[in-house]
>>> print(open('work.cif').read())   # mmCIF, C-alpha atoms and all ligand atoms
data_structure
loop_
_atom_site.label_atom_id
_atom_site.label_comp_id
_atom_site.auth_asym_id
_atom_site.auth_seq_id
_atom_site.Cartn_x
_atom_site.Cartn_y
_atom_site.Cartn_z
CA MET A 7 60.55 -20.44 10.16
CA GLY A 8 62.30 -22.15 13.09
CA ALA A 9 65.61 -23.98 13.31
CA LYS A 10 65.84 -27.33 11.59
CA GLN A 11 64.54 -30.07 13.86
CA THR A 12 66.85 -33.09 13.96
CA ARG A 13 65.28 -35.19 16.72
CA HIS A 14 63.63 -38.35 15.46
CA ARG A 15 59.98 -38.45 16.36
CA SER A 16 57.53 -41.19 17.17
CA VAL A 17 54.58 -41.08 14.79
CA LEU A 18 51.29 -42.94 14.65
CA VAL A 19 49.65 -43.01 11.21
CA VAL A 20 46.00 -44.07 11.40
CA GLY A 21 45.00 -45.70 8.09
CA GLY A 22 47.15 -47.79 5.75
CA GLY A 23 45.80 -46.60 2.38
CA VAL A 24 47.65 -44.61 -0.27
CA GLY A 25 48.00 -41.46 1.85
CA GLY A 26 48.88 -43.23 5.10
CA LEU A 27 51.57 -45.43 3.57
CA ALA A 28 53.07 -42.57 1.51
CA THR A 29 53.19 -40.42 4.66
CA ALA A 30 54.74 -43.26 6.68
CA ILE A 31 57.47 -43.70 4.03
CA ALA A 32 58.18 -39.96 3.80
CA LEU A 33 58.51 -39.67 7.59
CA ALA A 34 60.56 -42.87 7.94
CA ARG A 35 62.95 -41.50 5.27
CA ARG A 36 63.68 -38.54 7.56
CA GLY A 37 64.43 -40.92 10.44
CA ASP A 38 61.13 -40.86 12.32
CA GLU A 39 59.92 -43.97 14.08
CA VAL A 40 56.60 -44.69 12.38
CA GLU A 41 53.78 -47.07 13.13
CA VAL A 42 50.71 -47.55 10.89
CA ALA A 43 47.38 -48.73 12.36
CA GLU A 44 45.07 -50.09 9.66
CA LEU A 45 41.48 -50.92 10.60
CA LYS A 46 41.01 -53.79 8.14
CA PRO A 47 42.05 -57.21 9.42
CA ASP A 48 44.34 -57.71 6.40
CA TRP A 49 45.77 -55.74 3.48
CA SER A 50 43.04 -56.65 0.97
CA VAL A 51 42.15 -53.76 -1.33
CA ALA A 52 38.88 -52.99 -3.12
CA GLY A 53 38.83 -51.31 -6.53
CA TRP A 54 40.52 -52.12 -9.81
CA GLY A 55 42.78 -49.34 -10.81
CA LEU A 56 44.16 -45.86 -10.43
CA LEU A 57 45.60 -43.34 -12.80
CA LEU A 58 48.77 -41.86 -11.33
CA THR A 59 48.93 -38.43 -12.90
CA GLY A 60 52.05 -36.24 -13.19
CA PRO A 61 51.84 -34.78 -9.67
CA ALA A 62 51.41 -38.27 -8.19
CA LEU A 63 54.55 -39.34 -10.06
CA ARG A 64 56.45 -36.25 -8.83
CA SER A 65 55.70 -37.24 -5.23
CA LEU A 66 56.37 -40.93 -5.84
CA ASP A 67 59.69 -39.86 -7.38
CA ALA A 68 60.53 -38.04 -4.14
CA LEU A 69 59.94 -41.38 -2.38
CA GLY A 70 62.01 -43.24 -5.03
CA LEU A 71 59.01 -45.25 -6.25
CA THR A 72 58.04 -44.02 -9.73
CA ASP A 73 60.11 -46.62 -11.57
CA ALA A 74 58.61 -49.48 -9.54
CA CYS A 75 55.13 -48.21 -10.50
CA ALA A 76 56.12 -47.87 -14.16
CA ALA A 77 57.50 -51.42 -14.17
CA GLU A 78 54.23 -52.89 -12.88
CA GLY A 79 51.70 -50.54 -14.49
CA TYR A 80 51.09 -48.99 -17.90
CA ALA A 81 52.74 -45.71 -18.88
CA THR A 82 50.11 -44.00 -21.03
CA SER A 83 50.87 -41.87 -24.08
CA GLY A 84 49.83 -38.86 -21.98
CA GLU A 85 47.03 -37.80 -24.31
CA ALA A 86 43.50 -37.55 -22.92
CA VAL A 87 40.91 -38.46 -25.59
CA ASN A 88 37.22 -37.57 -25.48
CA CYS A 89 34.76 -39.30 -27.84
CA ASP A 90 31.06 -39.02 -28.58
CA SER A 91 28.73 -41.97 -28.08
CA SER A 92 29.72 -43.47 -31.44
CA GLY A 93 33.42 -43.39 -30.54
CA GLU A 94 34.27 -40.45 -32.82
CA VAL A 95 37.03 -38.32 -31.27
CA LYS A 96 35.67 -34.90 -30.25
CA ALA A 97 38.52 -33.41 -28.22
CA THR A 98 41.99 -34.24 -26.96
CA PHE A 99 44.58 -32.62 -24.74
CA LYS A 100 48.13 -33.41 -23.73
CA VAL A 101 48.45 -34.03 -20.03
CA PRO A 102 51.33 -31.92 -18.60
CA SER A 103 54.59 -33.87 -18.48
CA VAL A 104 55.61 -33.14 -14.89
CA LEU A 105 58.72 -35.34 -14.74
CA GLY A 106 60.00 -34.18 -18.14
CA GLU A 107 61.61 -35.78 -21.19
CA GLY A 108 62.04 -39.54 -21.18
CA ARG A 109 60.01 -40.08 -17.99
CA PRO A 110 56.41 -41.33 -17.74
CA VAL A 111 53.65 -38.72 -18.02
CA GLU A 112 50.96 -40.85 -16.36
CA ILE A 113 50.82 -44.44 -15.17
CA GLY A 114 47.71 -46.59 -14.96
CA LEU A 115 48.10 -49.17 -12.19
CA ALA A 116 46.03 -51.75 -10.35
CA ARG A 117 45.25 -50.33 -6.90
CA PRO A 118 46.45 -53.47 -5.05
CA VAL A 119 49.75 -53.25 -6.96
CA LEU A 120 50.33 -49.63 -5.87
CA LEU A 121 49.54 -50.53 -2.27
CA ASN A 122 51.93 -53.52 -2.42
CA ILE A 123 54.70 -51.24 -3.66
CA LEU A 124 54.02 -48.71 -0.88
CA ARG A 125 53.79 -51.40 1.79
CA GLY A 126 57.02 -53.07 0.64
CA GLU A 127 58.86 -49.73 0.80
CA ALA A 128 57.37 -48.87 4.20
CA GLU A 129 58.53 -52.22 5.60
CA ALA A 130 61.99 -51.77 4.07
CA ARG A 131 62.19 -48.37 5.82
CA GLY A 132 61.37 -49.96 9.18
CA VAL A 133 57.76 -48.79 9.47
CA ARG A 134 55.74 -50.99 11.83
CA LEU A 135 52.61 -52.06 9.92
CA ARG A 136 49.69 -53.29 12.02
CA THR A 137 46.24 -54.46 10.86
CA GLY A 138 42.94 -54.85 12.69
CA LEU A 139 43.77 -51.79 14.74
CA THR A 140 42.49 -48.25 15.17
CA VAL A 141 42.61 -45.42 17.64
CA ASP A 142 39.75 -44.99 20.12
CA THR A 143 40.78 -41.78 21.90
CA LEU A 144 43.42 -39.08 21.56
CA ALA A 145 44.49 -36.75 24.38
CA GLN A 146 47.07 -34.00 23.88
CA ASP A 147 49.36 -32.07 26.21
CA PRO A 148 52.23 -29.74 25.33
CA HIS A 149 54.68 -32.66 25.10
CA GLY A 150 52.83 -35.22 23.02
CA VAL A 151 49.70 -37.22 22.25
CA THR A 152 48.35 -40.14 24.26
CA ALA A 153 46.52 -42.56 21.99
CA CYS A 154 44.31 -45.34 23.30
CA LEU A 155 44.30 -48.04 20.64
CA SER A 156 41.44 -50.44 19.98
CA ASN A 157 43.45 -53.38 21.39
CA GLY A 158 43.68 -51.66 24.78
CA GLU A 159 47.24 -50.30 24.38
CA GLU A 160 47.85 -46.77 25.68
CA ARG A 161 50.74 -45.16 23.81
CA ARG A 162 52.57 -41.81 23.60
CA PHE A 163 53.48 -40.23 20.25
CA ASP A 164 55.07 -36.97 19.16
CA LEU A 165 52.73 -36.77 16.17
CA VAL A 166 49.53 -38.52 15.04
CA VAL A 167 48.48 -38.51 11.37
CA GLY A 168 44.86 -39.26 10.47
CA ALA A 169 44.98 -40.93 7.04
CA ASP A 170 41.80 -42.90 7.50
CA GLY A 171 39.94 -41.84 4.40
CA ILE A 172 36.77 -39.94 3.58
CA ARG A 173 34.89 -41.29 6.66
CA SER A 174 37.77 -40.40 8.96
CA ALA A 175 37.34 -41.37 12.61
CA VAL A 176 40.35 -39.20 13.52
CA ARG A 177 38.56 -36.20 11.99
CA ASP A 178 35.62 -36.95 14.29
CA LEU A 179 37.90 -37.35 17.33
CA LEU A 180 39.34 -33.90 16.56
CA GLY A 181 35.85 -32.45 16.17
CA GLN A 182 36.81 -31.10 12.74
CA SER A 183 34.14 -30.08 10.26
CA GLY A 184 33.98 -31.83 6.89
CA LYS A 185 31.71 -34.68 5.95
CA PRO A 186 31.28 -36.69 2.75
CA GLU A 187 28.81 -35.19 0.29
CA TYR A 188 27.08 -37.44 -2.24
CA THR A 189 27.33 -35.94 -5.73
CA GLY A 190 24.23 -37.76 -7.08
CA GLN A 191 26.38 -40.25 -8.96
CA MET A 192 27.55 -43.82 -8.67
CA VAL A 193 30.80 -44.90 -10.26
CA TRP A 194 31.08 -48.34 -11.83
CA ARG A 195 34.35 -50.08 -12.70
CA ALA A 196 34.95 -53.29 -14.62
CA LEU A 197 38.22 -55.07 -15.20
CA VAL A 198 38.64 -56.07 -18.87
CA PRO A 199 41.41 -57.33 -21.17
CA ARG A 200 43.27 -54.30 -22.61
CA PRO A 201 42.38 -53.75 -26.29
CA ASP A 202 45.43 -52.69 -28.39
CA TRP A 203 43.98 -49.20 -28.98
CA VAL A 204 43.76 -48.48 -25.21
CA THR A 205 47.17 -46.86 -24.82
CA THR A 206 45.82 -43.84 -22.94
CA VAL A 207 42.69 -42.57 -21.15
CA HIS A 208 39.58 -42.41 -23.36
CA THR A 209 36.24 -40.99 -22.24
CA PHE A 210 32.90 -41.50 -24.02
CA ASN A 211 29.95 -39.12 -23.82
CA GLY A 212 26.79 -41.18 -23.51
CA SER A 213 23.34 -39.62 -23.69
CA GLN A 214 22.71 -40.33 -19.99
CA HIS A 215 26.04 -41.23 -18.45
CA GLY A 216 29.77 -40.84 -19.07
CA ALA A 217 32.08 -43.81 -19.54
CA GLY A 218 35.77 -44.37 -20.19
CA VAL A 219 38.73 -46.69 -20.08
CA ILE A 220 42.18 -46.62 -18.46
CA PRO A 221 45.01 -49.11 -19.19
CA ILE A 222 46.59 -50.60 -16.05
CA SER A 223 49.04 -53.14 -17.52
CA ASP A 224 50.01 -54.62 -20.89
CA THR A 225 47.13 -57.05 -20.60
CA ARG A 226 44.49 -55.31 -18.48
CA ALA A 227 42.41 -52.13 -18.45
CA TYR A 228 39.41 -50.98 -16.49
CA VAL A 229 36.22 -49.52 -17.87
CA PHE A 230 34.51 -46.87 -15.74
CA LEU A 231 31.00 -45.52 -15.93
CA THR A 232 29.50 -42.61 -14.01
CA GLU A 233 25.79 -43.15 -13.44
CA ASN A 234 23.63 -40.13 -12.57
CA THR A 235 21.26 -41.26 -9.86
CA PRO A 236 19.95 -39.08 -7.03
CA GLU A 237 18.74 -42.22 -5.17
CA PRO A 238 21.13 -45.13 -5.82
CA MET A 239 19.46 -48.50 -6.49
CA VAL A 240 20.65 -51.51 -4.52
CA TYR A 241 21.98 -54.41 -6.64
CA SER A 242 23.41 -57.78 -5.71
CA GLN A 243 26.95 -58.56 -6.89
CA ASP A 244 25.49 -61.07 -9.40
CA GLU A 245 23.58 -58.30 -11.21
CA LEU A 246 26.45 -55.84 -11.59
CA ALA A 247 27.87 -56.86 -14.98
CA ASP A 248 24.45 -56.96 -16.67
CA ARG A 249 23.40 -53.64 -15.17
CA MET A 250 26.65 -51.92 -16.17
CA VAL A 251 26.24 -53.24 -19.73
CA GLU A 252 22.67 -51.87 -19.80
CA LEU A 253 23.84 -48.44 -18.65
CA MET A 254 26.32 -48.40 -21.57
CA ALA A 255 23.65 -49.46 -24.09
CA ASP A 256 23.66 -46.19 -26.05
CA LEU A 257 27.41 -46.34 -26.75
CA SER A 258 28.68 -47.75 -30.03
CA GLY A 259 32.03 -48.14 -31.84
CA ARG A 260 34.99 -48.61 -29.51
CA ALA A 261 32.88 -48.22 -26.39
CA ALA A 262 30.68 -51.10 -27.57
CA GLU A 263 33.83 -53.21 -27.81
CA LEU A 264 34.55 -52.40 -24.16
CA ARG A 265 30.96 -53.11 -23.17
CA ALA A 266 31.12 -56.57 -24.77
CA ALA A 267 34.11 -57.41 -22.57
CA ILE A 268 32.12 -56.84 -19.35
CA THR A 269 30.80 -60.31 -18.61
CA ASP A 270 31.82 -61.45 -15.12
CA PRO A 271 29.97 -59.76 -12.22
CA GLU A 272 32.96 -60.51 -9.97
CA ASP A 273 34.99 -58.11 -12.14
CA VAL A 274 32.62 -55.19 -11.48
CA VAL A 275 32.64 -52.81 -8.51
CA ARG A 276 30.28 -49.91 -7.83
CA ARG A 277 30.41 -47.15 -5.27
CA ARG A 278 29.03 -43.74 -4.40
CA VAL A 279 30.79 -40.66 -5.75
CA GLU A 280 31.43 -38.43 -2.75
CA THR A 281 33.54 -35.39 -2.05
CA CYS A 282 34.78 -33.90 1.20
CA LEU A 283 36.78 -30.87 2.31
CA ILE A 284 37.83 -29.42 5.64
CA ASP A 285 37.78 -25.77 4.63
CA GLY A 286 40.05 -24.64 7.47
CA ASP A 287 42.88 -26.07 9.55
CA TRP A 288 43.68 -29.73 8.93
CA HIS A 289 45.39 -30.06 12.30
CA VAL A 290 44.72 -29.63 16.00
CA GLY A 291 47.90 -29.38 18.06
CA ARG A 292 49.99 -32.43 17.20
CA VAL A 293 47.35 -34.32 15.21
CA VAL A 294 46.98 -33.73 11.47
CA LEU A 295 44.72 -35.06 8.72
CA VAL A 296 46.00 -36.04 5.27
CA GLY A 297 44.47 -37.49 2.11
CA ASP A 298 40.73 -38.02 1.75
CA ALA A 299 40.24 -37.37 5.47
CA ALA A 300 41.01 -33.69 4.72
CA HIS A 301 40.15 -33.33 1.02
CA ALA A 302 38.49 -35.85 -1.28
CA PRO A 303 37.88 -34.80 -4.88
CA SER A 304 35.46 -36.86 -7.00
CA PRO A 305 37.12 -39.66 -8.99
CA GLN A 306 36.48 -37.91 -12.34
CA MET A 307 39.45 -35.66 -11.49
CA THR A 308 41.74 -38.73 -10.97
CA SER A 309 43.76 -36.70 -8.48
CA GLY A 310 42.81 -37.83 -4.95
CA ALA A 311 45.72 -40.25 -4.68
CA ALA A 312 48.07 -37.62 -6.13
CA LEU A 313 47.00 -35.14 -3.43
CA ALA A 314 47.31 -37.80 -0.71
CA ILE A 315 50.86 -38.82 -1.70
CA GLU A 316 51.82 -35.14 -2.03
CA ASP A 317 50.52 -34.56 1.52
CA GLY A 318 52.97 -37.11 2.89
CA VAL A 319 55.96 -35.63 1.07
CA ILE A 320 55.08 -32.06 2.07
CA LEU A 321 54.38 -32.97 5.68
CA ALA A 322 57.91 -34.43 5.89
CA GLU A 323 59.32 -31.25 4.30
CA GLU A 324 57.55 -29.04 6.84
CA LEU A 325 58.70 -31.19 9.77
CA ASP A 326 62.26 -30.74 8.48
CA ARG A 327 61.87 -26.98 8.18
CA ASN A 328 60.13 -26.13 11.43
CA ALA A 329 61.34 -26.19 15.01
CA THR A 330 58.23 -27.74 16.55
CA VAL A 331 55.58 -30.22 15.45
CA GLU A 332 52.86 -27.61 15.99
CA ASP A 333 54.67 -25.09 13.75
CA ALA A 334 55.20 -27.74 11.08
CA LEU A 335 51.52 -28.73 11.10
CA ARG A 336 50.43 -25.10 10.94
CA ALA A 337 52.72 -24.55 7.93
CA PHE A 338 51.52 -27.80 6.33
CA SER A 339 47.84 -26.90 6.70
CA SER A 340 48.21 -23.43 5.29
CA ARG A 341 50.42 -24.64 2.42
CA ARG A 342 47.94 -27.37 1.41
CA LEU A 343 44.49 -25.87 1.92
CA GLU A 344 44.20 -23.78 -1.24
CA ARG A 345 45.33 -26.64 -3.50
CA GLY A 346 42.95 -29.12 -1.82
CA ARG A 347 40.05 -26.68 -2.00
CA HIS A 348 40.72 -25.86 -5.68
CA LEU A 349 40.82 -29.51 -6.71
CA VAL A 350 37.73 -30.51 -4.71
CA ASN A 351 35.80 -27.54 -6.17
CA ILE A 352 36.82 -28.39 -9.74
CA SER A 353 35.82 -32.00 -9.19
CA VAL A 354 32.41 -30.94 -7.84
CA GLU A 355 31.92 -28.74 -10.90
CA ILE A 356 32.86 -31.66 -13.18
CA ALA A 357 30.37 -33.91 -11.36
CA GLU A 358 27.65 -31.26 -11.83
CA MET A 359 28.47 -30.99 -15.55
CA TYR A 360 28.16 -34.78 -15.87
CA ILE A 361 24.71 -34.63 -14.27
CA ALA A 362 23.69 -31.80 -16.64
CA GLY A 363 24.91 -33.86 -19.62
CA ARG A 364 27.69 -31.32 -20.42
CA LEU A 365 30.37 -33.97 -20.82
CA LEU A 366 32.48 -32.20 -23.44
CA GLU A 367 32.68 -29.13 -21.17
CA ALA A 368 33.57 -31.39 -18.26
CA PHE A 369 36.45 -32.77 -20.34
CA GLN A 370 37.73 -29.24 -20.89
CA LEU A 371 37.53 -28.49 -17.18
CA LEU A 372 39.47 -31.68 -16.53
CA ARG A 373 42.31 -30.19 -18.59
CA ASP A 374 42.30 -27.10 -16.32
CA GLY A 375 42.37 -29.36 -13.25
CA HIS A 376 45.39 -31.24 -14.57
CA ALA A 377 47.15 -27.96 -15.38
CA ALA A 378 46.55 -26.72 -11.81
CA MET A 379 47.80 -29.96 -10.31
CA ALA A 380 50.91 -29.93 -12.50
CA ARG A 381 52.10 -26.71 -10.82
CA ARG A 382 54.56 -27.43 -8.02
CA PRO A 383 52.75 -27.32 -4.64
C1 LIG B 1 36.21 -45.01 -7.73
C2 LIG B 1 37.39 -44.15 -7.42
C3 LIG B 1 38.39 -44.00 -8.38
C4 LIG B 1 39.51 -43.20 -8.11
N1 LIG B 1 40.48 -43.05 -9.07
C5 LIG B 1 41.54 -42.29 -8.81
C6 LIG B 1 42.58 -42.15 -9.78
O1 LIG B 1 42.51 -42.71 -10.86
N2 LIG B 1 43.66 -41.36 -9.45
C7 LIG B 1 43.75 -40.73 -8.25
O2 LIG B 1 44.76 -40.02 -8.01
N3 LIG B 1 42.78 -40.86 -7.33
C8 LIG B 1 41.70 -41.62 -7.57
N4 LIG B 1 40.73 -41.77 -6.63
C9 LIG B 1 40.91 -41.11 -5.32
C10 LIG B 1 41.82 -41.94 -4.44
O3 LIG B 1 41.45 -43.30 -4.44
C11 LIG B 1 41.79 -41.42 -3.02
O4 LIG B 1 41.89 -40.02 -3.04
C12 LIG B 1 42.94 -42.00 -2.22
O5 LIG B 1 42.80 -43.40 -2.12
C13 LIG B 1 42.98 -41.36 -0.85
O6 LIG B 1 43.92 -42.03 -0.05
P1 LIG B 1 43.72 -42.06 1.52
O7 LIG B 1 44.86 -42.88 2.02
O8 LIG B 1 43.50 -40.71 2.03
O9 LIG B 1 42.36 -42.84 1.76
P2 LIG B 1 42.02 -44.36 1.47
O10 LIG B 1 42.70 -44.82 0.23
O11 LIG B 1 40.54 -44.46 1.56
O12 LIG B 1 42.67 -45.14 2.69
C14 LIG B 1 42.19 -45.02 4.00
C15 LIG B 1 42.65 -46.24 4.78
O13 LIG B 1 42.30 -46.06 6.14
C16 LIG B 1 41.67 -47.25 6.62
N5 LIG B 1 40.77 -46.83 7.70
C17 LIG B 1 39.51 -46.34 7.62
N6 LIG B 1 39.04 -46.03 8.84
C18 LIG B 1 40.02 -46.34 9.70
C19 LIG B 1 40.15 -46.24 11.12
N7 LIG B 1 39.16 -45.75 11.87
N8 LIG B 1 41.31 -46.65 11.69
C20 LIG B 1 42.32 -47.15 10.96
N9 LIG B 1 42.26 -47.27 9.61
C21 LIG B 1 41.12 -46.86 8.99
C22 LIG B 1 40.96 -47.83 5.42
O14 LIG B 1 40.70 -49.21 5.59
C23 LIG B 1 41.98 -47.53 4.32
O15 LIG B 1 42.95 -48.55 4.22
C24 LIG B 1 39.61 -42.54 -6.87
C25 LIG B 1 38.60 -42.69 -5.92
C26 LIG B 1 37.51 -43.49 -6.19
C27 LIG B 1 36.42 -43.61 -5.15
#
>>> encode(input="work.cif", output="structure tokens")
Amino acid sequence: MGAKQTRHRSVLVVGGGVGGLATAIALARRGDEVEVAELKPDWSVAGWGLLLTGPALRSLDALGLTDACAAEGYATSGEAVNCDSSGEVKATFKVPSVLGEGRPVEIGLARPVLLNILRGEAEARGVRLRTGLTVDTLAQDPHGVTACLSNGEERRFDLVVGADGIRSAVRDLLGQSGKPEYTGQMVWRALVPRPDWVTTVHTFNGSQHGAGVIPISDTRAYVFLTENTPEPMVYSQDELADRMVELMADLSGRAAELRAAITDPEDVVRRRVETCLIDGDWHVGRVVLVGDAAHAPSPQMTSGAALAIEDGVILAEELDRNATVEDALRAFSSRRLERGRHLVNISVEIAEMYIAGRLLEAFQLLRDGHAAMARRP
């Protein structure tokens, strides 16, 4: 380990999602001058909700943001509940309480709300947030990185962070291996009013597909459904609510109550379930990948955002500890790889169990995944 580095660095973060913003905040907190380049023309966000599990809250706590998330989301009871297709409870487990007594165990939150909180904090910390912008080329020498941005600017940075998601362009620019793999499943999500009994995560084992519900505020929850489909059908937005209801047809009891609440196609989103892992270094010289660009577990594990936020906090720790950027990135990569690999592998196994109809076993494996994530990275 080298001497503590005190010089403030210039950092370009490519991608303004969960991982990019968390990383920008963590680096700005240590005094770095940080700029975020987000490809989208604005800060609109797709997707209804996220479950922030214990490890996500531990990292958000390090950034001083857990209480803001708790105030705007729904702190669950911390019990995971698995039911059969009639709604009868078959198994439960207590999710590890990472923050301890009197603090939230898990928080369900609308994705746009989390991103608003992260963006507000980044701005307050002096991060320069730019939209409609990406990086076209990166060239490195021993003293820094020259980035040509898509608006024609040529800029020098001490460090570049690729936080541009599962289809990372920065990963391609680095020539790193790792590409999204389709699991054979589509995930459906519908925003619904929160029934009183939805105080924690429930999953339902259908005969063909798995479904579930997560509370995201006092008034709202989202229903999710994992459809097994080797060749995904194409549907128009107008068809989505009806099709999701059809896929949940074999569920009764409480799940039928949820199904009845899915009426507006505009409240339904659907996307491919994919995973990705760079099973090696996540950095080349002074450029490093974080979040889904390096490791994307399937959503059944509800841990991708937790890993992405953790990346930002740990990258800042390693930059504090190491004398050079290259040393810090080397330490970061080797500290993170095993955890990323473990979580992606568990999530792939869970996806395979879903496809094989072994949903109760998948629920048990989920418990193991949460236990692994609860351990301090
Ligand atoms: C359906 C679903 C449900 C999920 N539920 C959960 C959950 O409950 N809990 C949990 O912890 N995780 C969950 N995840 C995983 C979680 O959403 C991701 O792991 C997390 O968002 C990863 O953050 P990221 O910043 O790495 O990537 P992203 O959130 O994908 O952000 C990447 C950002 O980079 C931008 N970008 C893309 N390309 C470029 C480019 N070339 N230049 C500049 N910017 C670019 C994108 O527009 C985006 O803003 C879920 C995932 C899915 C698909």
>>> residues_near_ligand(input="work.cif", ligand="ligand LIG 1 (chain B)", cutoff="6 Å", atoms="only C-alpha atoms and all ligand atoms", output="ChimeraX atom specification")
/A:20-26,43-46,56-58,140,169-171,174-175,193,297-299,302,305,308-312,314
>>> residues_around(input="work.cif", residues="Ser91 (chain A)", least_positions_apart="2", cutoff="8 Å", atoms="all atoms listed in the file", output="list of chain:residue names")
A:Cys89, A:Gly93, A:Glu94, A:Phe210, A:Asn211, A:Gly212, A:Ser213, A:Asp256, A:Leu257, A:Ser258, A:Gly259, A:Ala261
>>> axis_aligned_box(input="work.cif", around="region 331-347 of chain A", padding_each_side="3 Å", output="AutoDock Vina command-line options")
--center_x 47.8 --center_y -26.8 --center_z 6.2 --size_x 21.5 --size_y 12.8 --size_z 25.5
>>> closest_residue(input="work.cif", among="A:Arg381, A:Arg195, A:Arg117, A:His289", to="Glu272 (chain A)", atoms="all atoms listed in the file")
A:Arg195
>>> closest_atom_pairs(input="work.cif", of="region 315-374 of chain A", to="region 96-114 of chain A", cutoff="9 Å", atoms="all atoms listed in the file", output="tab-separated table")
residue	atom	partner	partner_atom	distance
A:Leu366	CA	A:Ala97	CA	7.8
A:Phe369	CA	A:Ala97	CA	8.2
A:Gln370	CA	A:Ala97	CA	8.5
A:Arg373	CA	A:Phe99	CA	7.0
>>> closest_residue(input="work.cif", among="A:Glu39, A:Asp164, A:Glu187, A:Glu237", to="Thr330 (chain A)", atoms="only C-alpha atoms")
A:Asp164
>>> residues_around(input="work.cif", residues="Glu252 (chain A)", least_positions_apart="2", cutoff="12 Å", atoms="all atoms listed in the file", output="PyMOL selection string")
chain A and resi 214-215+231+233+245-250+254-257+262+265-266+268-269
>>> closest_residue(input="work.cif", among="A:Thr206, A:Thr72, A:Ser242, A:Thr152", to="Ser16 (chain A)", atoms="all atoms listed in the file")
A:Thr152
>>> closest_residue(input="work.cif", among="A:Ser339, A:Ser223, A:Thr189, A:Ser353", to="Leu115 (chain A)", atoms="all atoms listed in the file")
A:Ser223
>>> closest_residue(input="work.cif", among="A:Asn157, A:Thr209, A:Gln191, A:Thr137", to="Thr281 (chain A)", atoms="only C-alpha atoms")
A:Gln191
>>> residues_around(input="work.cif", residues="Ala300 (chain A)", least_positions_apart="2", cutoff="8 Å", atoms="only C-alpha atoms", output="list in words")
Ile172, Gly184, Cys282, Leu283, Ile284, Trp288, Leu295, Val296, Gly297, Asp298 and Ala302 of chain A
>>> atom_distance(input="work.cif", atom1="CA of Leu313 (chain A)", atom2="CA of Arg64 (chain A)")
10.9 Å
>>> closest_residue(input="work.cif", among="A:Arg35, A:Ala337, A:Glu41, A:Gly168", to="Arg136 (chain A)", atoms="all atoms listed in the file")
A:Glu41
>>> decode(input="work.cif", residues="region 200-235 of chain A", atoms="C-alpha atoms", output="mmCIF file, in the first residue's frame")
data_model
loop_
_atom_site.group_PDB
_atom_site.id
_atom_site.type_symbol
_atom_site.label_atom_id
_atom_site.label_comp_id
_atom_site.auth_asym_id
_atom_site.auth_seq_id
_atom_site.Cartn_x
_atom_site.Cartn_y
_atom_site.Cartn_z
ATOM 1 C CA ARG A 200 -50.136 -0.514 -2.309
ATOM 2 C CA PRO A 201 -52.524 -2.956 -0.598
ATOM 3 C CA ASP A 202 -52.313 -2.758 3.243
ATOM 4 C CA TRP A 203 -50.809 -6.274 3.471
ATOM 5 C CA VAL A 204 -47.848 -5.325 1.218
ATOM 6 C CA THR A 205 -45.462 -4.272 3.974
ATOM 7 C CA THR A 206 -42.577 -6.362 2.649
ATOM 8 C CA VAL A 207 -41.469 -8.342 -0.422
ATOM 9 C CA HIS A 208 -43.794 -11.215 -1.370
ATOM 10 C CA THR A 209 -43.105 -13.697 -4.162
ATOM 11 C CA PHE A 210 -45.670 -16.062 -5.720
ATOM 12 C CA ASN A 211 -44.835 -19.369 -7.389
ATOM 13 C CA GLY A 212 -46.968 -19.676 -10.508
ATOM 14 C CA SER A 213 -47.096 -22.870 -12.546
ATOM 15 C CA GLN A 214 -45.255 -21.204 -15.456
ATOM 16 C CA HIS A 215 -43.798 -17.977 -14.139
ATOM 17 C CA GLY A 216 -42.824 -16.305 -10.872
ATOM 18 C CA ALA A 217 -44.431 -13.077 -9.675
ATOM 19 C CA GLY A 218 -44.124 -10.792 -6.674
ATOM 20 C CA VAL A 219 -44.701 -7.390 -5.161
ATOM 21 C CA ILE A 220 -42.510 -4.722 -3.540
ATOM 22 C CA PRO A 221 -43.814 -1.645 -1.664
ATOM 23 C CA ILE A 222 -42.202 1.627 -2.789
ATOM 24 C CA SER A 223 -44.155 4.223 -0.763
ATOM 25 C CA ASP A 224 -47.133 4.410 1.597
ATOM 26 C CA THR A 225 -49.443 4.507 -1.391
ATOM 27 C CA ARG A 226 -47.648 2.629 -4.177
ATOM 28 C CA ALA A 227 -46.130 -0.783 -4.883
ATOM 29 C CA TYR A 228 -44.936 -2.532 -7.998
ATOM 30 C CA VAL A 229 -45.860 -5.998 -9.148
ATOM 31 C CA PHE A 230 -43.166 -7.948 -10.983
ATOM 32 C CA LEU A 231 -43.455 -11.029 -13.129
ATOM 33 C CA THR A 232 -40.665 -13.125 -14.616
ATOM 34 C CA GLU A 233 -41.771 -14.705 -17.885
ATOM 35 C CA ASN A 234 -39.815 -17.702 -19.198
ATOM 36 C CA THR A 235 -39.458 -17.191 -22.920
#
